[in-house]
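Text of start00.tsv (TSV, C-alpha atoms) as supplied:
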chain	number	residue	atom	x	y	z
A	1	MET	CA	-16.47	-54.63	-6.64
A	2	SER	CA	-14.72	-56.32	-3.75
A	3	GLY	CA	-11.61	-58.26	-2.89
A	4	PRO	CA	-7.92	-57.34	-2.50
A	5	PHE	CA	-7.75	-55.52	-5.84
A	6	PHE	CA	-10.59	-53.21	-4.89
A	7	VAL	CA	-9.00	-52.49	-1.49
A	8	LEU	CA	-5.68	-51.71	-3.18
A	9	LEU	CA	-7.36	-49.46	-5.72
A	10	LYS	CA	-9.33	-47.70	-3.01
A	11	ASN	CA	-6.19	-47.14	-0.95
A	12	ASN	CA	-4.38	-45.79	-4.01
A	13	VAL	CA	-7.20	-43.33	-4.68
A	14	PHE	CA	-7.09	-42.10	-1.08
A	15	PHE	CA	-3.31	-41.81	-1.32
A	16	MET	CA	-3.49	-39.78	-4.53
A	17	VAL	CA	-6.10	-37.46	-3.02
A	18	PHE	CA	-3.88	-37.03	0.05
A	19	VAL	CA	-0.86	-36.22	-2.12
A	20	ALA	CA	-2.90	-33.69	-4.13
A	21	LEU	CA	-4.01	-31.97	-0.94
A	22	VAL	CA	-0.44	-31.79	0.34
A	23	ILE	CA	0.71	-30.25	-2.94
A	24	MET	CA	-2.11	-27.69	-2.85
A	25	MET	CA	-1.29	-26.74	0.75
A	26	SER	CA	2.41	-26.51	-0.05
A	27	SER	CA	1.76	-24.19	-2.97
A	28	THR	CA	-0.33	-22.01	-0.68
A	29	PHE	CA	2.45	-21.55	1.85
A	30	VAL	CA	5.56	-21.63	-0.30
A	31	ALA	CA	5.35	-17.92	-1.08
A	32	TYR	CA	5.51	-17.12	2.62
A	33	ALA	CA	8.54	-19.26	3.40
A	34	VAL	CA	10.73	-16.13	3.43
A	35	PRO	CA	9.38	-13.32	5.65
A	36	VAL	CA	9.04	-9.80	4.31
A	37	ASN	CA	11.19	-7.37	6.27
A	38	ILE	CA	10.09	-3.81	7.06
A	39	TYR	CA	12.46	-0.86	7.35
A	40	PRO	CA	12.08	0.55	10.89
A	41	PRO	CA	11.18	4.17	11.67
A	42	GLY	CA	14.16	6.50	11.44
A	43	SER	CA	16.00	4.28	8.97
A	44	ASN	CA	17.06	5.14	5.43
A	45	PRO	CA	15.35	2.70	3.07
A	46	TYR	CA	17.38	2.34	-0.12
A	47	GLY	CA	19.80	5.06	0.92
A	48	VAL	CA	17.34	7.90	1.58
A	49	SER	CA	15.17	8.87	4.54
A	50	TYR	CA	11.56	7.83	4.98
A	51	LYS	CA	10.61	11.47	4.36
A	52	GLU	CA	12.39	11.58	1.02
A	53	ASN	CA	10.88	8.25	-0.02
A	54	ILE	CA	7.43	9.63	0.77
A	55	GLU	CA	8.08	12.83	-1.16
A	56	ASN	CA	9.19	10.72	-4.15
A	57	TYR	CA	6.01	8.69	-3.79
A	58	TYR	CA	3.84	11.78	-4.18
A	59	LYS	CA	5.92	13.20	-7.00
A	60	TYR	CA	5.14	9.99	-8.85
A	61	LEU	CA	1.50	9.61	-7.80
A	62	LEU	CA	0.47	13.20	-8.46
A	63	SER	CA	2.11	13.21	-11.89
A	64	VAL	CA	-0.24	10.50	-13.19
A	65	PRO	CA	-3.48	11.79	-14.82
A	66	SER	CA	-6.73	10.90	-13.11
A	67	ASP	CA	-7.90	8.41	-15.77
A	68	GLN	CA	-4.67	6.39	-15.39
A	69	ASN	CA	-4.02	6.91	-11.70
A	70	PRO	CA	-3.72	3.75	-9.56
A	71	VAL	CA	-5.65	5.45	-6.74
A	72	LYS	CA	-8.83	5.13	-8.81
A	73	ASP	CA	-8.05	1.58	-9.91
A	74	ARG	CA	-10.11	-1.07	-8.09
A	75	THR	CA	-8.66	-4.17	-9.80
A	76	GLY	CA	-4.93	-3.52	-10.18
A	77	GLU	CA	-5.06	-2.96	-13.92
A	78	LYS	CA	-3.23	0.36	-13.54
A	79	CYS	CA	-0.99	-0.52	-10.60
A	80	ALA	CA	2.20	-0.29	-12.68
A	81	VAL	CA	1.36	2.85	-14.67
A	82	GLY	CA	4.45	5.04	-14.63
A	83	GLN	CA	6.48	2.38	-12.82
A	84	THR	CA	7.17	-0.21	-15.51
A	85	ASN	CA	10.51	1.24	-16.59
A	86	SER	CA	11.29	3.10	-13.38
A	87	SER	CA	14.76	2.83	-11.88
A	88	SER	CA	13.34	3.41	-8.40
A	89	PRO	CA	14.13	0.60	-5.92
A	90	VAL	CA	10.63	1.08	-4.48
A	91	PHE	CA	7.36	0.00	-6.10
A	92	TYR	CA	4.50	2.23	-4.95
A	93	LEU	CA	1.19	0.79	-3.84
A	94	ALA	CA	-1.73	3.22	-3.75
A	95	ASN	CA	-4.50	4.22	-1.43
A	96	SER	CA	-8.08	3.93	-2.68
A	97	GLY	CA	-9.37	7.44	-2.17
A	98	GLY	CA	-11.84	5.78	0.21
A	99	GLY	CA	-13.73	2.50	0.12
A	100	LYS	CA	-12.62	-1.00	-0.81
A	101	ALA	CA	-10.27	-2.20	-3.54
A	102	GLU	CA	-8.88	-5.62	-4.41
A	103	ARG	CA	-5.94	-5.38	-6.78
A	104	ALA	CA	-3.79	-7.96	-8.54
A	105	CYS	CA	-0.39	-6.60	-9.50
A	106	THR	CA	2.98	-7.78	-10.81
A	107	VAL	CA	6.04	-6.28	-9.12
A	108	PRO	CA	9.50	-6.55	-10.72
A	109	TYR	CA	11.90	-8.58	-8.60
A	110	GLY	CA	14.53	-6.44	-6.87
A	111	LYS	CA	12.13	-3.83	-5.47
A	112	GLY	CA	10.58	-3.17	-2.10
A	113	VAL	CA	7.08	-1.71	-1.78
A	114	LEU	CA	5.78	1.44	-0.14
A	115	ILE	CA	2.45	0.83	1.60
A	116	PRO	CA	0.30	3.93	2.28
A	117	ILE	CA	-1.72	2.66	5.24
A	118	MET	CA	-3.30	6.02	6.09
A	119	VAL	CA	-2.07	9.14	4.35
A	120	VAL	CA	-2.86	12.69	3.38
A	121	GLU	CA	-1.33	15.16	0.94
A	122	VAL	CA	-2.26	18.84	0.83
A	123	SER	CA	-1.07	21.30	-1.80
A	124	ASP	CA	-1.47	25.00	-2.49
A	125	LYS	CA	-3.49	24.14	-5.59
A	126	GLU	CA	-5.95	21.97	-3.69
A	127	VAL	CA	-6.17	24.57	-0.91
A	128	PRO	CA	-5.31	27.83	-2.70
A	129	ASN	CA	-4.27	31.15	-1.22
A	130	VAL	CA	-2.85	29.81	2.04
A	131	PRO	CA	0.77	29.83	3.25
A	132	VAL	CA	2.78	26.63	3.53
A	133	GLU	CA	2.46	26.77	7.32
A	134	GLU	CA	-1.29	26.37	6.92
A	135	LEU	CA	-0.80	23.31	4.70
A	136	HIS	CA	1.23	21.75	7.51
A	137	LYS	CA	-1.56	22.47	10.02
A	138	ILE	CA	-4.23	20.97	7.74
A	139	ALA	CA	-2.24	17.79	7.17
A	140	THR	CA	-1.44	17.44	10.88
A	141	LYS	CA	-5.04	17.82	12.00
A	142	ASP	CA	-6.18	15.30	9.41
A	143	GLN	CA	-3.81	12.59	10.65
A	144	ASP	CA	-4.32	13.49	14.30
A	145	SER	CA	-7.89	12.30	13.65
A	146	VAL	CA	-7.01	8.71	12.68
A	147	THR	CA	-9.15	6.13	14.49
A	148	SER	CA	-7.80	2.80	13.18
A	149	LEU	CA	-4.77	1.27	11.44
A	150	TYR	CA	-4.23	-2.30	10.24
A	151	LEU	CA	-1.70	-4.13	8.08
A	152	LYS	CA	-1.16	-7.76	7.11
A	153	ILE	CA	1.71	-8.89	4.88
A	154	ASP	CA	1.38	-12.52	3.89
A	155	ASP	CA	0.57	-14.32	7.15
A	156	LYS	CA	1.90	-11.66	9.55
A	157	GLU	CA	-0.39	-9.02	11.09
A	158	TYR	CA	0.68	-5.64	12.44
A	159	ASP	CA	-1.52	-3.85	14.96
A	160	GLU	CA	-2.19	-0.18	15.53
A	161	ASN	CA	0.33	0.07	18.33
A	162	TYR	CA	3.12	-1.06	16.01
A	163	LEU	CA	1.96	0.95	13.00
A	164	SER	CA	1.61	4.19	14.99
A	165	LYS	CA	5.41	4.38	15.14
A	166	PHE	CA	5.54	4.90	11.39
A	167	ARG	CA	3.85	8.28	11.23
A	168	ILE	CA	5.83	10.69	9.07
A	169	HIS	CA	5.19	14.39	8.42
A	170	THR	CA	7.18	15.70	5.46
A	171	ASP	CA	8.71	19.05	4.73
A	172	ALA	CA	7.12	21.10	1.96
A	173	PHE	CA	8.13	19.72	-1.45
A	174	ASP	CA	7.57	20.55	-5.11
A	175	VAL	CA	5.18	18.60	-7.33
A	176	VAL	CA	3.94	19.12	-10.87
A	177	PHE	CA	0.29	18.42	-11.58
A	178	PRO	CA	-0.69	17.19	-15.05
A	179	GLU	CA	-3.79	18.04	-17.01
A	180	ASN	CA	-6.72	16.03	-15.65
A	181	MET	CA	-5.06	15.89	-12.27
A	182	LEU	CA	-6.22	13.30	-9.71
A	183	TYR	CA	-7.82	15.77	-7.30
A	184	SER	CA	-9.17	18.20	-9.91
A	185	ALA	CA	-6.57	20.86	-9.14
A	186	ALA	CA	-5.17	23.15	-11.82
A	187	PRO	CA	-2.13	21.81	-13.72
A	188	GLY	CA	1.36	23.11	-13.08
A	189	LYS	CA	3.87	23.43	-10.24
A	190	SER	CA	2.68	23.31	-6.66
A	191	LYS	CA	3.95	23.12	-3.10
A	192	ALA	CA	2.72	20.11	-1.16
A	193	VAL	CA	2.91	18.67	2.34
A	194	ALA	CA	2.20	15.08	3.38
A	195	ASP	CA	1.48	13.31	6.63
A	196	GLY	CA	0.45	9.79	7.58
A	197	TYR	CA	1.52	6.23	8.16
A	198	TYR	CA	3.82	4.68	5.57
A	199	ILE	CA	5.58	1.32	5.49
A	200	ILE	CA	8.55	0.54	3.25
A	201	THR	CA	9.64	-3.07	2.87
A	202	ASP	CA	12.89	-4.70	1.95
A	203	VAL	CA	13.12	-6.35	-1.48
A	204	LEU	CA	10.20	-8.77	-1.81
A	205	PRO	CA	11.12	-12.44	-2.33
A	206	LYS	CA	10.03	-13.91	-5.64
A	207	GLY	CA	6.60	-15.51	-5.69
A	208	LYS	CA	3.11	-14.65	-4.47
A	209	HIS	CA	2.43	-12.17	-1.69
A	210	GLU	CA	-0.66	-10.68	-0.10
A	211	VAL	CA	-0.77	-7.18	1.34
A	212	HIS	CA	-3.90	-6.05	3.17
A	213	TYR	CA	-4.21	-2.65	4.80
A	214	LYS	CA	-7.11	-0.64	6.13
A	215	SER	CA	-7.60	2.54	8.12
A	216	SER	CA	-10.12	5.18	9.12
A	217	LEU	CA	-10.41	8.67	10.55
A	218	ARG	CA	-13.03	11.01	11.92
A	219	CYS	CA	-12.19	14.71	12.08
A	220	GLU	CA	-14.24	17.20	14.08
A	221	GLY	CA	-14.48	20.91	13.34
A	222	GLU	CA	-15.10	23.14	10.35
A	223	ASP	CA	-11.47	23.23	9.22
A	224	CYS	CA	-11.12	19.49	8.55
A	225	PHE	CA	-9.58	18.54	5.22
A	226	GLU	CA	-11.78	15.44	5.19
A	227	PRO	CA	-14.36	14.91	7.99
A	228	GLU	CA	-14.55	11.13	7.56
A	229	PHE	CA	-12.45	8.62	5.68
A	230	GLU	CA	-12.20	4.84	5.53
A	231	GLN	CA	-10.33	2.50	3.20
A	232	ASP	CA	-9.79	-1.26	2.93
A	233	ILE	CA	-7.29	-2.43	0.31
A	234	LYS	CA	-6.00	-5.87	-0.64
A	235	TYR	CA	-3.15	-6.53	-3.05
A	236	ALA	CA	-2.35	-9.92	-4.56
A	237	LEU	CA	1.25	-9.37	-5.66
A	238	THR	CA	3.29	-11.52	-7.99
A	239	VAL	CA	7.01	-10.81	-7.76
A	240	GLU	CA	8.97	-11.94	-10.81

Please re-express this file's structure in structure tokens.
Amino acid sequence: MSGPFFVLLKNNVFFMVFVALVIMMSSTFVAYAVPVNIYPPGSNPYGVSYKENIENYYKYLLSVPSDQNPVKDRTGEKCAVGQTNSSSPVFYLANSGGGKAERACTVPYGKGVLIPIMVVEVSDKEVPNVPVEELHKIATKDQDSVTSLYLKIDDKEYDENYLSKFRIHTDAFDVVFPENMLYSAAPGKSKAVADGYYIITDVLPKGKHEVHYKSSLRCEGEDCFEPEFEQDIKYALTVE
């Protein structure tokens, strides 16, 4: 086929392909048009301190039985367990317990997210017969041993120097472990302490978002809570 008609048809095909590519690229970037803001260290996200937000995070996370707990979920199927009808302004993402996880998750619009980049929680049921002061020491040594931190939210990366400012060590707080508890501790009330690097965002804009965080540690000595740890987690979030 040749002639003006063929040239016109050919140009139209190229034009339609070009338009399709532009639409595809636009749909890729539209979710990131509005940046995600992070509450700075020392601030009070949603009216309470970072410490209290972290304590609330563990009260939620440790109350979920092991077979439903989002920590053990590699796909995101259980990311909203216990959060679907929650009045909390914060939606809790989870660590992986070590290793890689790629999760797809729907977050209700109007909430920020808590991102546990590198964290530890120690309780008197996981480490029995020790005073609370010892729990603090165990948690501190664990997080003193961190060797890497990384976070990317949508198209913005945050390096270790920035993330190191977000280390929080909590006071002792009360938790209640269920039957079939996540870390195989006995059910019932317990005192816990947490340490680590936590990010809390402002309300996420509607649309698609990607959150990628990874971290590692290497602890030396016989009294390490965990000698080595590494995690690499990606969330594909839909906010609606």

**Report entry** Which residue of A:Phe225, A:Tyr39, A:Tyr158, A:Phe91 approaches Ser123 in chain A most closely, using all atoms listed in the file
**Finding:**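 With all atoms listed in the file as the atom set, the closest residue is A:Phe225.
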
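Here CA of Val130 in chain A stands at a distance of 23.7 Å from CA of Gly97 in chain A.
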
Requested in this report: Using CA of Arg167 in chain A and CA of Pro41 in chain A as the two end points, give the distance in Å to one decimal.
Outcome: 8.4 Å

Requested in this report: Calculate how many Å separate CA of Ala104 in chain A from CA of Val122 in chain A, rounding to one decimal.
Outcome: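 So the two atoms, CA of Ala104 in chain A and CA of Val122 in chain A, lie 28.4 Å apart.
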
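Among the candidate residues A:Lys189, A:Lys141, A:Lys78, A:Lys156, the one lying nearest to Glu220 in chain A is A:Lys141, with distances computed using only C-alpha atoms.
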
List as a PDB file with C-alpha atoms, in the frame of the given file the protein and nucleic acid residues near Ser216 in chain A, meaning an atom at most 10 Å away when all atoms listed in the file are counted, but skip any in the same chain fewer than 3 places from it.
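That gives us out_9.pdb:
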ATOM      1  CA  GLY A  98     -11.840   5.780   0.210  1.00  0.00           C
ATOM      2  CA  ILE A 117      -1.720   2.660   5.240  1.00  0.00           C
ATOM      3  CA  MET A 118      -3.300   6.020   6.090  1.00  0.00           C
ATOM      4  CA  GLN A 143      -3.810  12.590  10.650  1.00  0.00           C
ATOM      5  CA  SER A 145      -7.890  12.300  13.650  1.00  0.00           C
ATOM      6  CA  VAL A 146      -7.010   8.710  12.680  1.00  0.00           C
ATOM      7  CA  THR A 147      -9.150   6.130  14.490  1.00  0.00           C
ATOM      8  CA  SER A 148      -7.800   2.800  13.180  1.00  0.00           C
ATOM      9  CA  LEU A 149      -4.770   1.270  11.440  1.00  0.00           C
ATOM     10  CA  TYR A 150      -4.230  -2.300  10.240  1.00  0.00           C
ATOM     11  CA  GLU A 228     -14.550  11.130   7.560  1.00  0.00           C
ATOM     12  CA  PHE A 229     -12.450   8.620   5.680  1.00  0.00           C
ATOM     13  CA  GLU A 230     -12.200   4.840   5.530  1.00  0.00           C
ATOM     14  CA  GLN A 231     -10.330   2.500   3.200  1.00  0.00           C
ATOM     15  CA  ASP A 232      -9.790  -1.260   2.930  1.00  0.00           C
TER      16      ASP A 232
END

Query raised in the report: Near Ile54 in chain A, counting only C-alpha atoms, which residues have an atom at most 9 Å away, once you skip same-chain residues fewer than 2 positions from it, shown as a list in words?
Result: Ser49, Tyr50, Lys51, Glu52, Asn56, Tyr57, Tyr58, Lys59, Leu114, Ile168, Thr170, Ala194 and Tyr198 of chain A

Serialized selection, C-alpha atoms, as a short mmCIF file (atom, residue, chain, number, x, y, z; two decimals), keeping the file's coordinate frame:
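Output (again.cif):
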data_model
loop_
_atom_site.label_atom_id
_atom_site.label_comp_id
_atom_site.auth_asym_id
_atom_site.auth_seq_id
_atom_site.Cartn_x
_atom_site.Cartn_y
_atom_site.Cartn_z
CA SER A 49 15.17 8.87 4.54
CA TYR A 50 11.56 7.83 4.98
CA LYS A 51 10.61 11.47 4.36
CA GLU A 52 12.39 11.58 1.02
CA ASN A 56 9.19 10.72 -4.15
CA TYR A 57 6.01 8.69 -3.79
CA TYR A 58 3.84 11.78 -4.18
CA LYS A 59 5.92 13.20 -7.00
CA LEU A 114 5.78 1.44 -0.14
CA ILE A 168 5.83 10.69 9.07
CA THR A 170 7.18 15.70 5.46
CA ALA A 194 2.20 15.08 3.38
CA TYR A 198 3.82 4.68 5.57
#

Query raised in the report: What's the 12 Å shell around Pro108 in chain A, counting only C-alpha atoms, without same-chain residues fewer than 3 positions away, as a ChimeraX atom specification?
Result: /A:80,83-92,105,111-113,203-207,237-240

Query raised in the report: Nearest to Glu226 in chain A: which of A:Ile200, A:Asn53, A:Thr140, A:Lys208 is it, counting all atoms listed in the file?
Result: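 The answer is A:Thr140, which sits nearest to Glu226 in chain A.
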